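This is upload.cif. It holds mmCIF, C-alpha atoms and all ligand atoms.
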data_entry
loop_
_atom_site.label_atom_id
_atom_site.label_comp_id
_atom_site.auth_asym_id
_atom_site.auth_seq_id
_atom_site.Cartn_x
_atom_site.Cartn_y
_atom_site.Cartn_z
CA MET A 19 30.46 1.11 -1.00
CA GLY A 20 27.93 0.29 -3.67
CA SER A 21 25.68 2.75 -5.36
CA ARG A 22 22.79 4.57 -3.77
CA VAL A 23 19.87 5.89 -5.71
CA LEU A 24 17.01 8.25 -4.84
CA VAL A 25 13.94 7.75 -7.02
CA ARG A 26 12.09 11.00 -6.62
CA ASN A 27 8.58 12.08 -7.53
CA PRO A 28 9.06 15.85 -7.81
CA GLU A 29 5.27 16.39 -7.86
CA SER A 30 4.33 14.70 -4.60
CA GLY A 31 3.21 16.56 -1.49
CA ASP A 32 3.88 20.28 -1.39
CA GLN A 33 7.33 19.75 -2.98
CA ARG A 34 9.22 21.38 -0.12
CA ARG A 35 10.44 18.06 1.24
CA SER A 36 11.25 16.65 -2.14
CA VAL A 37 13.41 19.70 -2.93
CA GLN A 38 15.22 19.28 0.38
CA ALA A 39 15.61 15.56 -0.30
CA ALA A 40 17.18 16.14 -3.71
CA GLN A 41 19.77 18.45 -2.15
CA GLU A 42 20.58 16.16 0.73
CA ALA A 43 20.79 13.14 -1.54
CA GLU A 44 23.30 14.83 -3.78
CA GLU A 45 25.41 15.94 -0.83
CA ARG A 46 25.41 12.36 0.43
CA GLY A 47 26.52 10.91 -2.89
CA TYR A 48 23.22 9.51 -4.12
CA GLU A 49 22.30 9.39 -7.75
CA VAL A 50 18.98 11.26 -8.02
CA LEU A 51 16.49 9.98 -10.59
CA ASN A 52 13.41 12.16 -11.06
CA THR A 53 10.15 10.86 -12.43
CA SER A 54 8.56 12.91 -15.17
CA GLU A 55 5.22 11.12 -15.27
CA GLU A 56 2.97 8.81 -13.32
CA GLY A 57 4.32 5.30 -12.94
CA GLU A 58 7.84 6.11 -14.04
CA GLU A 59 9.17 5.31 -10.57
CA VAL A 60 8.61 1.61 -11.35
CA ASP A 61 10.92 1.67 -14.36
CA LEU A 62 13.52 3.90 -12.73
CA ALA A 63 13.70 1.65 -9.66
CA ARG A 64 13.84 -1.49 -11.77
CA GLU A 65 16.68 -0.12 -13.88
CA ALA A 66 18.57 1.08 -10.81
CA ALA A 67 18.22 -2.32 -9.11
CA ALA A 68 19.07 -4.24 -12.27
CA GLY A 69 22.10 -1.98 -12.67
CA GLY A 70 23.42 -3.09 -9.28
CA ALA A 71 22.26 -0.38 -6.85
CA ASP A 72 22.59 -1.47 -3.22
CA VAL A 73 20.29 1.18 -1.79
CA VAL A 74 17.15 2.52 -3.43
CA VAL A 75 15.28 5.23 -1.54
CA ALA A 76 11.85 6.42 -2.69
CA CYS A 77 11.01 10.09 -2.31
CA GLY A 78 7.27 10.72 -2.38
CA GLY A 79 4.09 9.33 -0.88
CA ASP A 80 2.82 5.78 -0.59
CA GLY A 81 2.12 5.57 -4.32
CA THR A 82 5.70 6.34 -5.22
CA LEU A 83 7.08 3.98 -2.58
CA ASN A 84 4.86 1.19 -3.85
CA GLY A 85 6.09 1.79 -7.41
CA VAL A 86 9.72 1.72 -6.27
CA ALA A 87 9.26 -1.57 -4.40
CA ARG A 88 7.49 -2.97 -7.45
CA GLY A 89 10.37 -1.94 -9.72
CA VAL A 90 13.02 -3.47 -7.46
CA ASP A 91 10.94 -6.65 -7.27
CA ARG A 92 10.64 -6.78 -11.05
CA ALA A 93 14.41 -6.64 -11.25
CA GLY A 94 14.37 -9.73 -9.01
CA ARG A 95 16.32 -7.93 -6.27
CA LEU A 96 13.77 -7.23 -3.55
CA GLU A 97 15.68 -9.51 -1.16
CA GLU A 98 19.06 -7.86 -1.75
CA VAL A 99 18.50 -4.15 -2.15
CA THR A 100 18.10 -1.95 0.93
CA LEU A 101 15.00 0.18 0.53
CA GLY A 102 14.17 3.43 2.23
CA VAL A 103 11.63 6.22 2.04
CA VAL A 104 11.73 9.99 2.29
CA PRO A 105 8.21 10.95 3.36
CA ALA A 106 7.49 13.63 0.79
CA GLY A 107 3.88 12.80 -0.15
CA THR A 108 0.59 13.85 1.38
CA GLY A 109 -0.20 10.70 3.33
CA ASN A 110 3.13 8.94 3.97
CA GLY A 111 1.44 6.03 5.69
CA PHE A 112 4.23 3.50 5.39
CA ALA A 113 6.97 5.96 6.39
CA GLY A 114 4.94 6.79 9.51
CA ASN A 115 4.50 3.09 10.28
CA VAL A 116 8.24 2.48 10.23
CA GLY A 117 9.05 5.58 12.23
CA ILE A 118 10.46 7.79 9.48
CA ASP A 119 9.09 11.29 9.92
CA GLY A 120 11.63 13.59 8.32
CA VAL A 121 13.91 13.97 5.31
CA THR A 122 17.23 13.90 7.16
CA GLU A 123 16.07 11.03 9.34
CA ALA A 124 15.44 8.94 6.23
CA PHE A 125 19.01 9.34 5.01
CA GLU A 126 20.49 8.92 8.47
CA SER A 127 18.67 5.63 8.97
CA VAL A 128 20.28 4.26 5.81
CA GLU A 129 23.70 5.53 6.85
CA ALA A 130 23.39 4.13 10.35
CA GLY A 131 22.41 0.76 8.89
CA ARG A 132 19.21 0.88 10.94
CA THR A 133 17.37 -1.65 8.84
CA ARG A 134 14.86 -4.39 9.52
CA ARG A 135 13.63 -7.19 7.33
CA LEU A 136 9.95 -6.49 6.75
CA ASP A 137 7.04 -8.41 5.26
CA VAL A 138 5.65 -7.46 1.88
CA GLY A 139 2.06 -8.15 0.90
CA MET A 140 1.34 -9.60 -2.54
CA ALA A 141 -1.89 -9.45 -4.50
CA ASP A 142 -1.90 -12.12 -7.18
CA TRP A 143 -4.57 -12.46 -9.86
CA SER A 144 -2.92 -15.18 -11.95
CA GLY A 145 -5.70 -17.55 -10.87
CA GLU A 146 -8.42 -15.44 -12.48
CA SER A 147 -10.15 -17.27 -15.24
CA GLY A 148 -10.65 -14.40 -17.66
CA ARG A 149 -9.17 -10.98 -18.00
CA GLY A 150 -11.62 -8.97 -16.06
CA ASP A 151 -10.20 -5.53 -16.01
CA GLY A 152 -9.72 -3.55 -19.15
CA SER A 153 -6.71 -1.73 -17.73
CA ASP A 154 -4.33 -4.02 -19.50
CA ALA A 155 -6.72 -5.41 -22.09
CA GLY A 156 -5.56 -4.82 -25.60
CA SER A 157 -1.99 -4.21 -24.63
CA SER A 158 -0.81 -7.78 -24.44
CA GLY A 159 2.52 -8.17 -26.10
CA ALA A 160 3.11 -4.44 -25.89
CA GLY A 161 5.44 -4.63 -22.91
CA ASP A 162 5.05 -1.68 -20.56
CA ALA A 163 3.20 0.46 -23.08
CA GLY A 164 -0.13 1.99 -22.29
CA LEU A 165 -0.45 1.47 -18.55
CA ALA A 166 1.39 3.76 -16.17
CA GLY A 167 3.95 1.69 -14.34
CA GLY A 168 2.16 -1.31 -15.72
CA ASP A 169 3.20 -4.39 -17.47
CA ALA A 170 1.03 -6.34 -19.87
CA ASP A 171 2.22 -9.57 -18.33
CA GLU A 172 1.74 -8.41 -14.77
CA THR A 173 -0.22 -10.93 -12.70
CA ALA A 174 0.79 -9.87 -9.19
CA ARG A 175 1.66 -6.70 -7.39
CA PRO A 176 3.21 -5.97 -4.01
CA PHE A 177 1.67 -3.78 -1.35
CA LEU A 178 3.48 -2.47 1.66
CA ASN A 179 0.65 -0.90 3.64
CA SER A 180 -2.71 -2.23 2.65
CA CYS A 181 -4.99 -3.78 0.09
CA ILE A 182 -8.51 -2.39 0.33
CA CYS A 183 -11.63 -3.34 -1.58
CA GLY A 184 -14.76 -1.20 -1.54
CA LEU A 185 -13.35 2.29 -1.81
CA THR A 186 -15.20 4.46 -4.26
CA ALA A 187 -13.86 7.00 -6.72
CA GLU A 188 -16.51 9.31 -5.34
CA ALA A 189 -15.06 9.02 -1.86
CA SER A 190 -11.60 9.75 -3.20
CA ALA A 191 -12.85 12.96 -4.70
CA ARG A 192 -14.66 13.96 -1.53
CA THR A 193 -11.93 13.14 0.96
CA GLU A 194 -10.59 16.22 2.67
CA PRO A 195 -6.83 16.74 2.22
CA ALA A 196 -6.47 17.42 5.97
CA LEU A 197 -8.07 14.06 6.78
CA LYS A 198 -5.85 12.38 4.19
CA GLN A 199 -2.81 13.95 5.77
CA ARG A 200 -3.83 12.68 9.18
CA LEU A 201 -5.01 9.19 8.28
CA GLY A 202 -3.51 8.38 4.89
CA VAL A 203 -5.48 5.80 2.94
CA LEU A 204 -7.77 5.30 5.90
CA ALA A 205 -9.23 8.72 5.16
CA TYR A 206 -10.80 7.20 2.05
CA VAL A 207 -12.23 4.42 4.17
CA PHE A 208 -13.85 6.90 6.53
CA THR A 209 -15.22 8.96 3.67
CA THR A 210 -16.47 5.85 1.90
CA LEU A 211 -18.27 4.61 5.00
CA GLN A 212 -19.75 8.01 5.63
CA HIS A 213 -21.21 8.01 2.13
CA THR A 214 -22.08 4.40 2.23
CA GLY A 215 -25.46 4.97 0.67
CA ASP A 216 -23.64 5.80 -2.56
CA PHE A 217 -22.32 2.38 -3.37
CA GLU A 218 -23.44 -1.17 -3.67
CA GLY A 219 -22.07 -3.71 -1.23
CA LEU A 220 -19.51 -6.26 -2.26
CA GLU A 221 -20.49 -9.89 -2.54
CA LEU A 222 -17.35 -11.41 -1.14
CA ASP A 223 -16.23 -14.91 -0.55
CA ILE A 224 -13.07 -15.02 1.55
CA ARG A 225 -11.01 -18.12 2.20
CA ALA A 226 -8.00 -18.29 4.47
CA GLY A 227 -4.92 -20.12 3.28
CA SER A 228 -5.73 -23.38 1.54
CA GLU A 229 -8.91 -24.04 3.51
CA SER A 230 -11.85 -24.85 1.33
CA ASP A 231 -14.60 -23.38 3.51
CA PRO A 232 -14.94 -19.62 3.39
CA VAL A 233 -14.02 -17.77 6.58
CA TRP A 234 -16.35 -15.02 5.49
CA SER A 235 -19.05 -14.95 2.89
CA GLY A 236 -21.70 -12.33 2.32
CA GLU A 237 -22.25 -8.70 1.55
CA ALA A 238 -19.42 -6.48 2.73
CA ALA A 239 -19.08 -2.72 2.78
CA LEU A 240 -15.30 -2.89 2.89
CA LEU A 241 -12.46 -5.33 3.06
CA LEU A 242 -9.21 -4.08 4.51
CA VAL A 243 -6.06 -6.16 4.41
CA GLY A 244 -3.15 -4.59 6.25
CA ASN A 245 0.49 -5.53 6.03
CA ALA A 246 1.97 -2.60 7.96
CA ARG A 247 -1.38 -1.21 8.99
CA ARG A 248 -3.70 -2.46 11.65
CA PHE A 249 -7.04 -0.77 11.26
CA PRO A 250 -8.27 1.69 12.21
CA ASN A 251 -5.02 3.50 12.73
CA ARG A 252 -2.23 1.56 14.33
CA GLN A 253 1.03 0.09 13.19
CA ALA A 254 0.77 -3.63 12.66
CA ASN A 255 3.51 -6.13 13.26
CA VAL A 256 5.36 -5.97 9.90
CA GLU A 257 7.62 -8.93 10.66
CA ASP A 258 5.16 -11.66 11.59
CA GLY A 259 4.32 -13.01 8.15
CA LYS A 260 0.66 -12.25 8.79
CA LEU A 261 -1.98 -10.01 7.31
CA ASP A 262 -4.39 -8.07 9.50
CA VAL A 263 -7.75 -8.48 7.85
CA VAL A 264 -10.93 -6.55 8.64
CA VAL A 265 -14.24 -7.18 6.90
CA ILE A 266 -16.98 -4.65 7.54
CA GLU A 267 -20.39 -6.05 6.88
CA ASP A 268 -22.68 -3.99 4.71
CA ALA A 269 -25.15 -2.94 7.36
CA PRO A 270 -27.49 -0.22 6.16
CA THR A 271 -28.75 0.22 9.69
CA ILE A 272 -25.50 1.82 10.82
CA ASP A 273 -25.59 5.57 10.74
CA TYR A 274 -22.04 6.24 9.59
CA LEU A 275 -22.71 9.97 9.60
CA ALA A 276 -23.29 10.04 13.34
CA ARG A 277 -20.37 11.60 15.10
CA GLY A 278 -17.77 8.99 16.02
CA ALA A 279 -19.77 6.14 14.44
CA VAL A 280 -16.95 4.91 12.26
CA GLU A 281 -14.46 4.91 15.14
CA ARG A 282 -16.97 3.07 17.33
CA LEU A 283 -17.54 0.54 14.60
CA PHE A 284 -13.85 -0.27 14.38
CA GLN A 285 -13.38 -0.35 18.10
CA GLY A 286 -16.39 -2.05 19.52
CA GLU A 287 -19.30 -2.99 17.35
CA VAL A 288 -17.92 -6.37 16.55
CA SER A 289 -21.21 -7.68 15.25
CA HIS A 290 -20.59 -5.83 12.00
CA LEU A 291 -16.92 -6.42 11.87
CA THR A 292 -14.77 -9.50 11.46
CA ARG A 293 -11.07 -9.53 12.18
CA LEU A 294 -8.63 -12.16 11.07
CA ARG A 295 -4.90 -12.52 11.19
CA VAL A 296 -3.74 -14.93 8.53
CA PRO A 297 -0.69 -15.46 6.31
CA SER A 298 -2.80 -15.66 3.16
CA LEU A 299 -6.32 -15.39 1.86
CA VAL A 300 -8.26 -15.69 -1.35
CA VAL A 301 -10.87 -13.05 -2.10
CA ASP A 302 -13.50 -13.74 -4.70
CA ALA A 303 -15.73 -10.77 -5.57
CA GLY A 304 -17.70 -12.58 -8.27
CA GLU A 305 -17.17 -9.71 -10.69
CA PRO A 306 -14.38 -7.17 -11.31
CA ARG A 307 -14.07 -4.71 -8.42
CA GLN A 308 -11.63 -1.99 -7.52
CA PHE A 309 -8.84 -2.96 -5.15
CA SER A 310 -6.53 -0.29 -3.79
CA LEU A 311 -2.95 -1.47 -3.35
CA ASP A 312 -1.27 1.27 -1.29
CA GLY A 313 -3.67 3.70 -2.95
CA GLU A 314 -3.05 2.50 -6.53
CA MET A 315 -6.18 0.98 -8.03
CA VAL A 316 -6.42 -2.31 -9.90
CA GLU A 317 -9.69 -3.81 -11.05
CA ARG A 318 -9.88 -7.52 -10.32
CA GLU A 319 -12.37 -10.26 -9.65
CA ARG A 320 -10.31 -12.69 -7.64
CA LEU A 321 -7.15 -12.03 -5.70
CA GLU A 322 -4.89 -14.33 -3.80
CA ILE A 323 -3.35 -12.19 -1.09
CA THR A 324 -0.21 -13.45 0.60
CA THR A 325 2.74 -12.21 2.62
CA ARG A 326 6.36 -12.64 1.76
CA GLU A 327 7.71 -12.82 5.26
CA ARG A 328 10.63 -10.51 6.03
CA VAL A 329 11.62 -10.37 2.39
CA MET A 330 12.59 -6.71 2.22
CA GLU A 331 15.39 -4.93 4.02
CA PHE A 332 14.07 -1.49 4.92
CA ALA A 333 15.66 1.53 6.63
CA VAL A 334 13.50 2.32 9.68
CA GLY A 335 13.37 5.19 12.15
CA GLU A 336 14.40 5.09 15.79
CA GLY A 337 10.74 5.04 16.79
CA TYR A 338 9.98 1.89 14.79
CA ASP A 339 8.45 -0.80 16.96
CA PRO A 340 9.12 -4.35 15.71
CA ASN A 341 6.59 -5.77 18.10
CA PRO A 342 3.78 -3.29 18.64
CA VAL A 343 1.40 -3.87 21.52
CA ASP A 344 -1.64 -5.74 20.36
CA ASP A 345 -4.43 -4.77 22.67
CA ARG A 346 -7.29 -7.09 22.05
CA ALA A 347 -9.96 -4.56 22.88
CA ASP A 348 -11.37 -4.98 19.40
CA GLY A 349 -12.75 -8.40 20.14
CA GLU A 350 -10.13 -10.48 18.40
N1 LIG B 401 6.40 13.20 -12.13
C1 LIG B 401 5.18 12.76 -11.84
N2 LIG B 401 4.08 13.45 -12.26
C2 LIG B 401 2.84 13.02 -11.95
N3 LIG B 401 2.57 11.91 -11.23
C3 LIG B 401 3.62 11.20 -10.79
C4 LIG B 401 4.97 11.59 -11.06
N4 LIG B 401 5.82 10.69 -10.49
C5 LIG B 401 5.03 9.78 -9.89
N5 LIG B 401 3.72 10.07 -10.06
C6 LIG B 401 2.54 9.34 -9.57
O1 LIG B 401 1.92 10.06 -8.51
C7 LIG B 401 1.12 9.16 -7.76
C8 LIG B 401 1.03 9.60 -6.31
O2 LIG B 401 2.30 9.84 -5.84
P1 LIG B 401 2.68 9.83 -4.33
O3 LIG B 401 1.97 8.79 -3.62
O4 LIG B 401 4.15 9.84 -4.26
O5 LIG B 401 2.28 11.30 -3.84
P2 LIG B 401 1.10 12.00 -3.11
O6 LIG B 401 -0.17 11.72 -3.81
O7 LIG B 401 1.48 13.40 -2.90
O8 LIG B 401 1.16 11.37 -1.70
P3 LIG B 401 0.30 10.31 -0.92
O9 LIG B 401 0.18 9.08 -1.77
O10 LIG B 401 1.08 10.08 0.30
O11 LIG B 401 -1.00 10.96 -0.67
C9 LIG B 401 1.72 7.79 -8.01
O12 LIG B 401 0.74 7.02 -8.67
C10 LIG B 401 2.89 8.02 -8.95
O13 LIG B 401 2.97 7.03 -9.98
#
I need this file expressed as structure tokens, please.
Amino acid sequence: MGSRVLVRNPESGDQRRSVQAAQEAEERGYEVLNTSEEGEEVDLAREAAAGGADVVVACGGDGTLNGVARGVDRAGRLEEVTLGVVPAGTGNGFAGNVGIDGVTEAFESVEAGRTRRLDVGMADWSGESGRGDGSDAGSSGAGDAGLAGGDADETARPFLNSCICGLTAEASARTEPALKQRLGVLAYVFTTLQHTGDFEGLELDIRAGSESDPVWSGEAALLLVGNARRFPNRQANVEDGKLDVVVIEDAPTIDYLARGAVERLFQGEVSHLTRLRVPSLVVDAGEPRQFSLDGEMVERERLEITTRERVMEFAVGEGYDPNPVDDRADGE
């Protein structure tokens, strides 16, 4: 049997689960690597994968899992390593989507070989003309220095759950922890929409695949691109090579504060909402904007968003549904 590694963020969630996970991992013969600062999970996972680990399990929330997948990918081993997740963060969106609810369940899934090959979303900014962001400006040639989990030469990043444009830092600060626990990253979406007067719309031009005409062009409040997540709050098909895209038009006439307005918007008011299911899209925001990749922010002007179909072998729970029911009540 090859080596198994747990990359553990000891600070995530309320720490109870991560303490339990460290114990269980040791009992089961895992090497436990603890992060000591933000972003370190990327390097630890990359080193573990490059060193020949067969199984790399992330222990933390969506941010930690994203960093672990990124590290394994940087080692060039995303197709070979079996990944898993111990849901020890606050939101745990991806773990929930693949049916992993508890610590022991996460390890048992790996041991039982209950794995599926899942799609991974990629956000690629190599086609941007200039360097629009500042987050890696000035650090070129400095390797990983300066940017947590970052890489001066980085031009693309994976996302497992979602890529969202239009979230505000303000909304992040205002989002209630209980809502975050219940809805994960979608809690920020709700809070953002409910404070929609606070931000300017996004001038977006969205093209699907290699088509030259935009499938959507105009002023948006939010763009949500789900890999494992079908908005508002359902598991998407994570094995179909497609992205579930929702564009919410910036419509100042909608009273997002009215009770249930946001839910109604997602479910029925299709005039303000466009849904697409495509394998790839190009998003041009005309100027640098914040994009959340599984909750980690990058500032970019133009992203090519694609799926790498069934590229990653992932340990899933018994409740994982490879082919979730797609009710078309949302007007698709
Ligand atoms: N030792 C550490 N100290 C501080 N931050 C860390 C540490 N290890 C990782 N991080 C960073 O913490 C961020 C959030 O982590 P994570 O998503 O695991 O937890 P969370 O915020 O509790 O959960 P969730 O994302 O589900 O809400 C990530 O950006 C990660 O890089």
Neighbouring residues of ligand LIG 401 (chain B) are defined here as those with any atom at most 6 Å from a ligand atom, counting all atoms listed in the file; list them as a PyMOL selection string.
chain A and resi 27-31+53-57+78-82+107-110
A straight line from CA of Glu331 (chain A) to CA of Arg135 (chain A) spans 4.4 Å
Tell me which of A:Val316, A:Ile323, A:Ala269, A:Leu242 sits closest to Ala226 (chain A), counting only C-alpha atoms.
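Smallest separation from Ala226 (chain A) among the options: A:Ile323.
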Can you tell me how far CA of Asp32 (chain A) sits from CA of Ala246 (chain A), in Å to one decimal?
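Calculated distance between CA of Asp32 (chain A) and CA of Ala246 (chain A) is 24.8 Å.
Counting only C-alpha atoms and comparing A:Asn245, A:Val264, A:Phe332, A:Val121, the residue that lies closest to Asp72 (chain A) is A:Phe332.
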Residue nearest Gly117 (chain A) - candidates A:Ile224, A:Asp302, A:Gly85, A:Arg132, atoms counted: all atoms listed in the file:
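Closest candidate: A:Arg132.
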Give me the residues near Ala68 (chain A) as a count of residues only, where near means some atom within 10 Å (using all atoms listed in the file) and where sequence neighbours in that chain fewer than 3 positions away do not count.
12
Identify the residues within 10 Å of coordinate (4.7, -8.0, 9.1) (same frame as the file), considering all atoms listed in the file, and give the answer as a list of chain:residue names.
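Protein and nucleic acid residues near the point are A:Arg135, A:Leu136, A:Asp137, A:Val138, A:Gly139, A:Leu178, A:Asn179, A:Gly244, A:Asn245, A:Ala246, A:Arg247, A:Gln253, A:Ala254, A:Asn255, A:Val256, A:Glu257, A:Asp258, A:Gly259, A:Lys260, A:Leu261, A:Asp262, A:Pro297, A:Thr325, A:Arg326, A:Glu327, A:Arg328, A:Val329, A:Pro340, A:Asn341.
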Could you give me, as a VMD selection string, the residues within 10 Å of Asp268 (chain A), counting only C-alpha atoms and dropping anything in the same chain fewer than 5 positions from it?
chain A and resid 211 214 218 to 221 236 to 240 290 to 291
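Of the listed residues A:Gln33, A:Thr209, A:Gln199, A:Ser21, the one whose atoms come nearest to Gly114 (chain A) is A:Gln199, with distances taken using only C-alpha atoms.
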